[in-house]
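A.B. asks: First the structure, then my questions, so here it is.
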Amino acid sequence: MAHSIQGFDHRRIQVDEGVGLTVAVGGTGSPVVLLHGFPQTHLMWRHVAADLAADHTVICPDLRGYGDSDKPREEGPDTYSKRTMANDVVALARSLGHERFALAGHDRGALVAFRAGLDHPAAVTHLACLDVLPTLDMWEALHGRSAAVGFHLYLMAQPPGLPEKMIGASADAFFSHFLDIWAKDPDAVPADIREVYLDACRNAVPSIVADYRASAGIDVEHDEADRADGRRLTMPVSVLQQDWGTALGYEAAALWGAWATDLEHSTVSCGHFMAEEAPADIARALRHLMAR
C-alpha cells in the first residue's frame, strides 16, 4: 500500500459474502473503530489514529465501496444501505476479537456509525458523529435555495445510470470540488493524500453513487421506522459539527437530542475535514467521550 498510517498493520478482513474490507490496525488498549467520510479513505484518520494508538486499539477500515475495500455491484437497496454497512463494521470488529468497541465516524462514516449505534447497542459502547445530521433529519433540513449546497445528494439519488455517467465523465473535477470547498485549511490535505483520495474515488464511482442513492431511499425508511418506534441511541454520544444550522435554518443540537439519551453536542470552527484540519482537538474529544 503506497500510503498507510505509519506504524499500523494493514489487513484484509472478510465481513460479508464476497465482501472484504481493507483495514489499518494499530495500538493497544480498549478498541475504537474510526470510519471515514466522502471523498476520502481511512487515511483521513492518520493523525488522530496515531494519537489514539498510544492507549487504544485503533481500527480504521475503508468502508464497503470505498478505497481498497471491495465494491460489490448494487443488486438492490440493501447492498449499500447503512444497515448493511453497519453490519460490516460489527463483523470486522468481531473478526479482530472485539465484541464491544467505541465507534466514531465522519460524514458518510458517521451515518454508518449512527446506524450501528441503533442496530447494535450491545456492541457500540460510545458513539461519535462528525459533521452530519442523521439521514432523515438531513433531508428534512434541506429546502429552497439553501438546498443547493447539497446538490450532489440529489444528483446521486437518481436511478442507476445517469449519475454514474455524469460523474465518471469528469470524476477528478467532481471530487476535487468537495475537497476544495469543504476545507477551511487547504494545507490539511496535502497533494499526495489528495491524489490518493482522487484515485480511490475515480475507481469507485458506481459504489459511491450507490451509497448515496441508499441514503435517499432505504436509509430514510430505516430512520423513519426507528423514529416511529421511539428507538434512541442509549450509549454516550458526542456530535461535533460546523454551524450548518445557521445557514440552513435548523437547530442541530435539538435534532440530535431527539435521537440520543446521553448527548454532548459541540460546534467547531474548523472546516468539514476536521480530523485532518484539527486532529489534536478531535483526538481529545474522542478521549473525553470514551472516558464518559
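The way I read the labels, and the way they are meant: chains A, B, ... in the order of the C-alpha cells, residue 1 as the first residue of every chain, and ligand 1 as the first ligand shown, with later ones counted on from there.
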Counting only C-alpha atoms, which residues in segment 218-261 of chain A sit no more than 12 Å from segment 82-93 of chain A? For each one, give the nearest pair of atoms and the distance in Å, sorted by chain then residue number, as CSV.
C.D. replies:
```
residue,atom,partner,partner_atom,distance
A:Ile218,CA,A:Lys82,CA,8.6
A:Asp219,CA,A:Lys82,CA,6.3
A:Val220,CA,A:Lys82,CA,9.9
A:Glu221,CA,A:Arg83,CA,11.1
A:His222,CA,A:Arg83,CA,8.3
A:Asp223,CA,A:Lys82,CA,10.3
```
A.B. asks: List as JSON lines every residue of segment 80-112 of chain A that is in contact with segment 271-274 of chain A, defined as an atom at most 12 Å from one of its atoms (using only C-alpha atoms), together with the nearest atom pair and the distance in Å rounded to one decimal, sorted by chain and then rising number.
C.D. replies:
```
{"residue": "A:Gly105", "atom": "CA", "partner": "A:Met274", "partner_atom": "CA", "distance": 11.4}
{"residue": "A:His106", "atom": "CA", "partner": "A:Phe273", "partner_atom": "CA", "distance": 8.4}
{"residue": "A:Asp107", "atom": "CA", "partner": "A:His272", "partner_atom": "CA", "distance": 8.6}
```
A.B. asks: To one decimal place, how far is atom CA of Asp51 of chain A from atom CA of Arg284 of chain A in Å?
C.D. replies: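 Computed distance, atom CA of Asp51 of chain A to atom CA of Arg284 of chain A, equals 9.2 Å.
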A.B. asks: How close does segment 41-108 of chain A get to segment 183-190 of chain A? List, as a tab-separated table, each residue of segment 41-108 of chain A within 12 Å, its nearest atom pair and the distance in Å to one decimal, counting only C-alpha atoms.
C.D. replies:
```
residue	atom	partner	partner_atom	distance
A:Leu43	CA	A:Val189	CA	10.3
A:Met44	CA	A:Val189	CA	8.6
A:Trp45	CA	A:Val189	CA	11.5
A:Arg46	CA	A:Val189	CA	11.2
A:His47	CA	A:Ala188	CA	10.7
```
A.B. asks: Would you please extract all alpha helix (DSSP H) residues from segment 6-167 of chain A, as assigned by DSSP on the backbone, and give them as a PyMOL selection string?
C.D. replies: chain A and resi 46-52+82-95+108-119+135-141+151-155+162-167
A.B. asks: When you count only C-alpha atoms, which of these residues is closest to Phe178 of chain A: A:Ala280, A:Val48, A:Leu198, A:Ala254?
C.D. replies: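 Under the stated criterion, the closest residue is A:Leu198.
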A.B. asks: Enter the distance from atom CA of Leu118 of chain A to atom CA of Trp259 of chain A, in Å, rounded to one decimal.
C.D. replies: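 Separation between atom CA of Leu118 of chain A and atom CA of Trp259 of chain A: 9.3 Å.
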A.B. asks: As an exercise, work out the distance from atom CA of Leu130 of chain A to atom CA of Gln241 of chain A in Å and give it to one decimal place.
C.D. replies: 5.9 Å
A.B. asks: Set the distance at 8 Å and use only C-alpha atoms: which residues neighbour segment 133-147 of chain A once local chain neighbours fewer than 4 positions away are removed? I'd like the list as a PyMOL selection string.
C.D. replies: chain A and resi 111+114+151+215+219-220+223-224+247-250+252+255-256
A.B. asks: Using the selection just defined, write its residues with all heavy atoms as a compact mmCIF listing (two decimals), in the first residue's frame.
C.D. replies:
```txt
# COMPACT_ATOMS: atom_id res chain seq x y z
N LEU A 111 -22.81 8.36 9.30
CA LEU A 111 -24.14 7.78 9.07
C LEU A 111 -24.13 6.27 9.31
O LEU A 111 -25.09 5.71 9.84
CB LEU A 111 -24.62 8.10 7.65
CG LEU A 111 -24.73 9.59 7.31
CD1 LEU A 111 -25.20 9.77 5.87
CD2 LEU A 111 -25.66 10.30 8.27
N PHE A 114 -23.96 5.92 13.12
CA PHE A 114 -25.29 6.18 13.68
C PHE A 114 -26.18 4.93 13.58
O PHE A 114 -26.81 4.52 14.55
CB PHE A 114 -25.93 7.35 12.94
CG PHE A 114 -27.37 7.61 13.26
CD1 PHE A 114 -27.74 8.26 14.42
CD2 PHE A 114 -28.36 7.23 12.37
CE1 PHE A 114 -29.07 8.53 14.70
CE2 PHE A 114 -29.70 7.48 12.63
CZ PHE A 114 -30.05 8.13 13.82
N PHE A 151 -26.28 19.76 -3.65
CA PHE A 151 -26.65 19.33 -5.00
C PHE A 151 -26.24 17.90 -5.30
O PHE A 151 -26.92 17.17 -6.02
CB PHE A 151 -26.05 20.28 -6.05
CG PHE A 151 -24.60 20.02 -6.35
CD1 PHE A 151 -24.23 19.21 -7.42
CD2 PHE A 151 -23.59 20.57 -5.56
CE1 PHE A 151 -22.89 18.96 -7.70
CE2 PHE A 151 -22.25 20.32 -5.83
CZ PHE A 151 -21.89 19.51 -6.90
N SER A 215 -28.99 6.45 0.71
CA SER A 215 -29.34 7.47 1.69
C SER A 215 -30.55 8.30 1.28
O SER A 215 -31.08 9.06 2.09
CB SER A 215 -28.15 8.39 1.95
OG SER A 215 -27.19 7.71 2.74
N ASP A 219 -32.27 4.08 3.55
CA ASP A 219 -31.78 4.61 4.82
C ASP A 219 -32.83 5.52 5.47
O ASP A 219 -32.98 5.52 6.70
CB ASP A 219 -30.48 5.40 4.62
CG ASP A 219 -29.33 4.52 4.16
OD1 ASP A 219 -29.40 3.29 4.35
OD2 ASP A 219 -28.36 5.07 3.60
N VAL A 220 -33.53 6.29 4.67
CA VAL A 220 -34.62 7.12 5.19
C VAL A 220 -35.72 6.24 5.77
O VAL A 220 -36.26 6.53 6.84
CB VAL A 220 -35.17 8.04 4.09
CG1 VAL A 220 -36.40 8.80 4.59
CG2 VAL A 220 -34.11 9.03 3.63
N ASP A 223 -34.66 5.03 9.16
CA ASP A 223 -34.75 6.10 10.15
C ASP A 223 -36.21 6.39 10.52
O ASP A 223 -36.53 6.62 11.69
CB ASP A 223 -34.09 7.38 9.63
CG ASP A 223 -32.57 7.34 9.70
OD1 ASP A 223 -32.01 6.27 10.04
OD2 ASP A 223 -31.93 8.37 9.39
N GLU A 224 -37.08 6.42 9.52
CA GLU A 224 -38.49 6.69 9.79
C GLU A 224 -39.09 5.62 10.68
O GLU A 224 -39.87 5.93 11.60
CB GLU A 224 -39.26 6.77 8.47
CG GLU A 224 -38.99 8.03 7.67
CD GLU A 224 -39.68 8.04 6.32
OE1 GLU A 224 -39.96 6.94 5.77
OE2 GLU A 224 -39.96 9.13 5.80
N ALA A 247 -26.96 28.53 8.51
CA ALA A 247 -27.20 28.75 7.09
C ALA A 247 -28.47 28.07 6.60
O ALA A 247 -29.17 28.60 5.73
CB ALA A 247 -26.00 28.25 6.28
N LEU A 248 -28.78 26.92 7.16
CA LEU A 248 -29.90 26.12 6.65
C LEU A 248 -31.15 26.20 7.52
O LEU A 248 -32.19 25.64 7.17
CB LEU A 248 -29.47 24.65 6.50
CG LEU A 248 -28.34 24.41 5.51
CD1 LEU A 248 -27.93 22.94 5.49
CD2 LEU A 248 -28.73 24.86 4.11
N GLY A 249 -31.05 26.89 8.66
CA GLY A 249 -32.25 27.16 9.44
C GLY A 249 -32.71 26.03 10.34
O GLY A 249 -33.92 25.78 10.44
N TYR A 250 -31.80 25.33 10.99
CA TYR A 250 -32.21 24.29 11.93
C TYR A 250 -31.33 24.36 13.16
O TYR A 250 -30.25 24.98 13.14
CB TYR A 250 -32.15 22.90 11.30
CG TYR A 250 -30.76 22.45 10.87
CD1 TYR A 250 -29.86 21.92 11.79
CD2 TYR A 250 -30.37 22.55 9.54
CE1 TYR A 250 -28.59 21.50 11.40
CE2 TYR A 250 -29.10 22.13 9.14
CZ TYR A 250 -28.22 21.62 10.07
OH TYR A 250 -26.97 21.22 9.69
N ALA A 252 -29.17 22.09 15.29
CA ALA A 252 -28.56 20.76 15.21
C ALA A 252 -28.63 20.02 16.53
O ALA A 252 -28.93 18.81 16.55
CB ALA A 252 -27.11 20.88 14.74
N LEU A 255 -32.03 18.49 17.02
CA LEU A 255 -32.28 17.35 16.14
C LEU A 255 -31.56 16.11 16.66
O LEU A 255 -32.13 15.02 16.72
CB LEU A 255 -31.84 17.67 14.72
CG LEU A 255 -32.62 18.78 13.99
CD1 LEU A 255 -32.05 19.01 12.60
CD2 LEU A 255 -34.11 18.44 13.91
N TRP A 256 -30.31 16.27 17.05
CA TRP A 256 -29.56 15.14 17.58
C TRP A 256 -30.12 14.69 18.93
O TRP A 256 -30.14 13.49 19.24
CB TRP A 256 -28.08 15.48 17.71
CG TRP A 256 -27.31 15.21 16.47
CD1 TRP A 256 -26.86 16.11 15.55
CD2 TRP A 256 -26.89 13.92 16.00
NE1 TRP A 256 -26.20 15.47 14.53
CE2 TRP A 256 -26.20 14.14 14.79
CE3 TRP A 256 -27.04 12.62 16.47
CZ2 TRP A 256 -25.66 13.08 14.05
CZ3 TRP A 256 -26.50 11.57 15.75
CH2 TRP A 256 -25.82 11.80 14.55
```
A.B. asks: Closest to Leu63 of chain A among A:Ala104, A:Val124, A:Leu21, A:Val33, using only C-alpha atoms?
C.D. replies: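 Nearest candidate to Leu63 of chain A out of A:Ala104, A:Val124, A:Leu21, A:Val33: A:Leu21.
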A.B. asks: Using only C-alpha atoms, can you tell me which of A:Ile193, A:Ala210, A:Val239, A:Val132 comes closest to Glu74 of chain A?
C.D. replies: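 Distance minimum relative to Glu74 of chain A lands on A:Ala210.
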A.B. asks: Between A:Arg73, A:His126, A:Arg194, A:Arg227, which has the minimum distance to Glu276 of chain A (counting only C-alpha atoms)?
C.D. replies: A:Arg194
A.B. asks: Could you check which of A:Tyr154, A:Tyr212, A:Phe101, A:Tyr66 is closest to Thr125 of chain A, using only C-alpha atoms?
C.D. replies: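 Between A:Tyr154, A:Tyr212, A:Phe101, A:Tyr66, the residue approaching Thr125 of chain A most closely is A:Phe101.
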A.B. asks: For the strand (DSSP E) assignment from backbone DSSP, which residues of segment 60-156 of chain A qualify? Please present them as a list in words.
C.D. replies: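 Answer for segment 60-156 of chain A, restricted to strand (DSSP E): Cys60, Pro61, Phe101, Ala102, Leu103, Ala104, Gly105, His106, Val124, Thr125, His126, Leu127, Ala128, Cys129 and Leu130 of chain A.
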A.B. asks: Could those residues be written to a file, using N, CA, C and O atoms, as a short mmCIF file (atom, residue, chain, number, x, y, z; two decimals), in the first residue's frame?
C.D. replies:
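Once everything was written out, this is selection-v3.cif:
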```cif
data_model
loop_
_atom_site.label_atom_id
_atom_site.label_comp_id
_atom_site.auth_asym_id
_atom_site.auth_seq_id
_atom_site.Cartn_x
_atom_site.Cartn_y
_atom_site.Cartn_z
N CYS A 60 -9.16 1.22 11.60
CA CYS A 60 -9.56 2.19 10.57
C CYS A 60 -9.80 1.47 9.25
O CYS A 60 -8.86 1.23 8.49
N PRO A 61 -11.04 1.11 8.93
CA PRO A 61 -11.30 0.44 7.66
C PRO A 61 -11.63 1.42 6.54
O PRO A 61 -12.05 2.56 6.78
N PHE A 101 -16.97 -2.10 21.35
CA PHE A 101 -15.99 -1.12 20.89
C PHE A 101 -16.63 0.26 20.83
O PHE A 101 -17.84 0.40 20.66
N ALA A 102 -15.78 1.28 20.99
CA ALA A 102 -16.21 2.65 20.72
C ALA A 102 -16.17 2.87 19.21
O ALA A 102 -15.39 2.23 18.49
N LEU A 103 -17.01 3.79 18.73
CA LEU A 103 -17.16 3.97 17.29
C LEU A 103 -17.28 5.45 16.97
O LEU A 103 -18.09 6.17 17.58
N ALA A 104 -16.47 5.91 16.03
CA ALA A 104 -16.53 7.30 15.58
C ALA A 104 -16.58 7.31 14.06
O ALA A 104 -15.89 6.53 13.40
N GLY A 105 -17.39 8.20 13.51
CA GLY A 105 -17.49 8.32 12.07
C GLY A 105 -17.57 9.77 11.64
O GLY A 105 -18.09 10.62 12.37
N HIS A 106 -17.07 10.03 10.46
CA HIS A 106 -17.12 11.36 9.86
C HIS A 106 -17.91 11.28 8.57
O HIS A 106 -17.74 10.35 7.77
N VAL A 124 -21.76 -1.31 20.52
CA VAL A 124 -21.18 0.04 20.47
C VAL A 124 -21.25 0.67 21.86
O VAL A 124 -22.32 0.98 22.37
N THR A 125 -20.10 0.87 22.47
CA THR A 125 -20.05 1.40 23.84
C THR A 125 -20.15 2.91 23.89
O THR A 125 -20.70 3.48 24.84
N HIS A 126 -19.57 3.59 22.91
CA HIS A 126 -19.56 5.04 22.81
C HIS A 126 -19.65 5.40 21.33
O HIS A 126 -19.10 4.68 20.49
N LEU A 127 -20.29 6.51 21.02
CA LEU A 127 -20.52 6.87 19.62
C LEU A 127 -20.20 8.34 19.39
O LEU A 127 -20.67 9.21 20.13
N ALA A 128 -19.38 8.62 18.37
CA ALA A 128 -19.09 9.99 17.95
C ALA A 128 -19.44 10.16 16.48
O ALA A 128 -19.09 9.32 15.65
N CYS A 129 -20.14 11.24 16.17
CA CYS A 129 -20.52 11.55 14.80
C CYS A 129 -20.02 12.95 14.45
O CYS A 129 -20.33 13.91 15.16
N LEU A 130 -19.24 13.05 13.37
CA LEU A 130 -18.60 14.30 12.99
C LEU A 130 -19.23 14.89 11.75
O LEU A 130 -19.22 14.28 10.67
#
```
A.B. asks: Rank nothing, just name the residue among A:Pro279, A:Gly109, A:Pro121, A:Gly97 nearest to Ser30 of chain A, using only C-alpha atoms.
C.D. replies: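 Of all the options, A:Gly97 lies closest to Ser30 of chain A.
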A.B. asks: Neighbouring residues of segment 56-58 of chain A were defined as those with any atom within 7 Å, considering only C-alpha atoms; residues of the same chain fewer than 6 positions away were excluded. Please report them as a list in words.
C.D. replies: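 With the cut-off at 7 Å, the set is Val25, Gly26, Gly27, Thr28, Gly29, Ser30, Pro31, Val32, Val33 and Ala49 of chain A.
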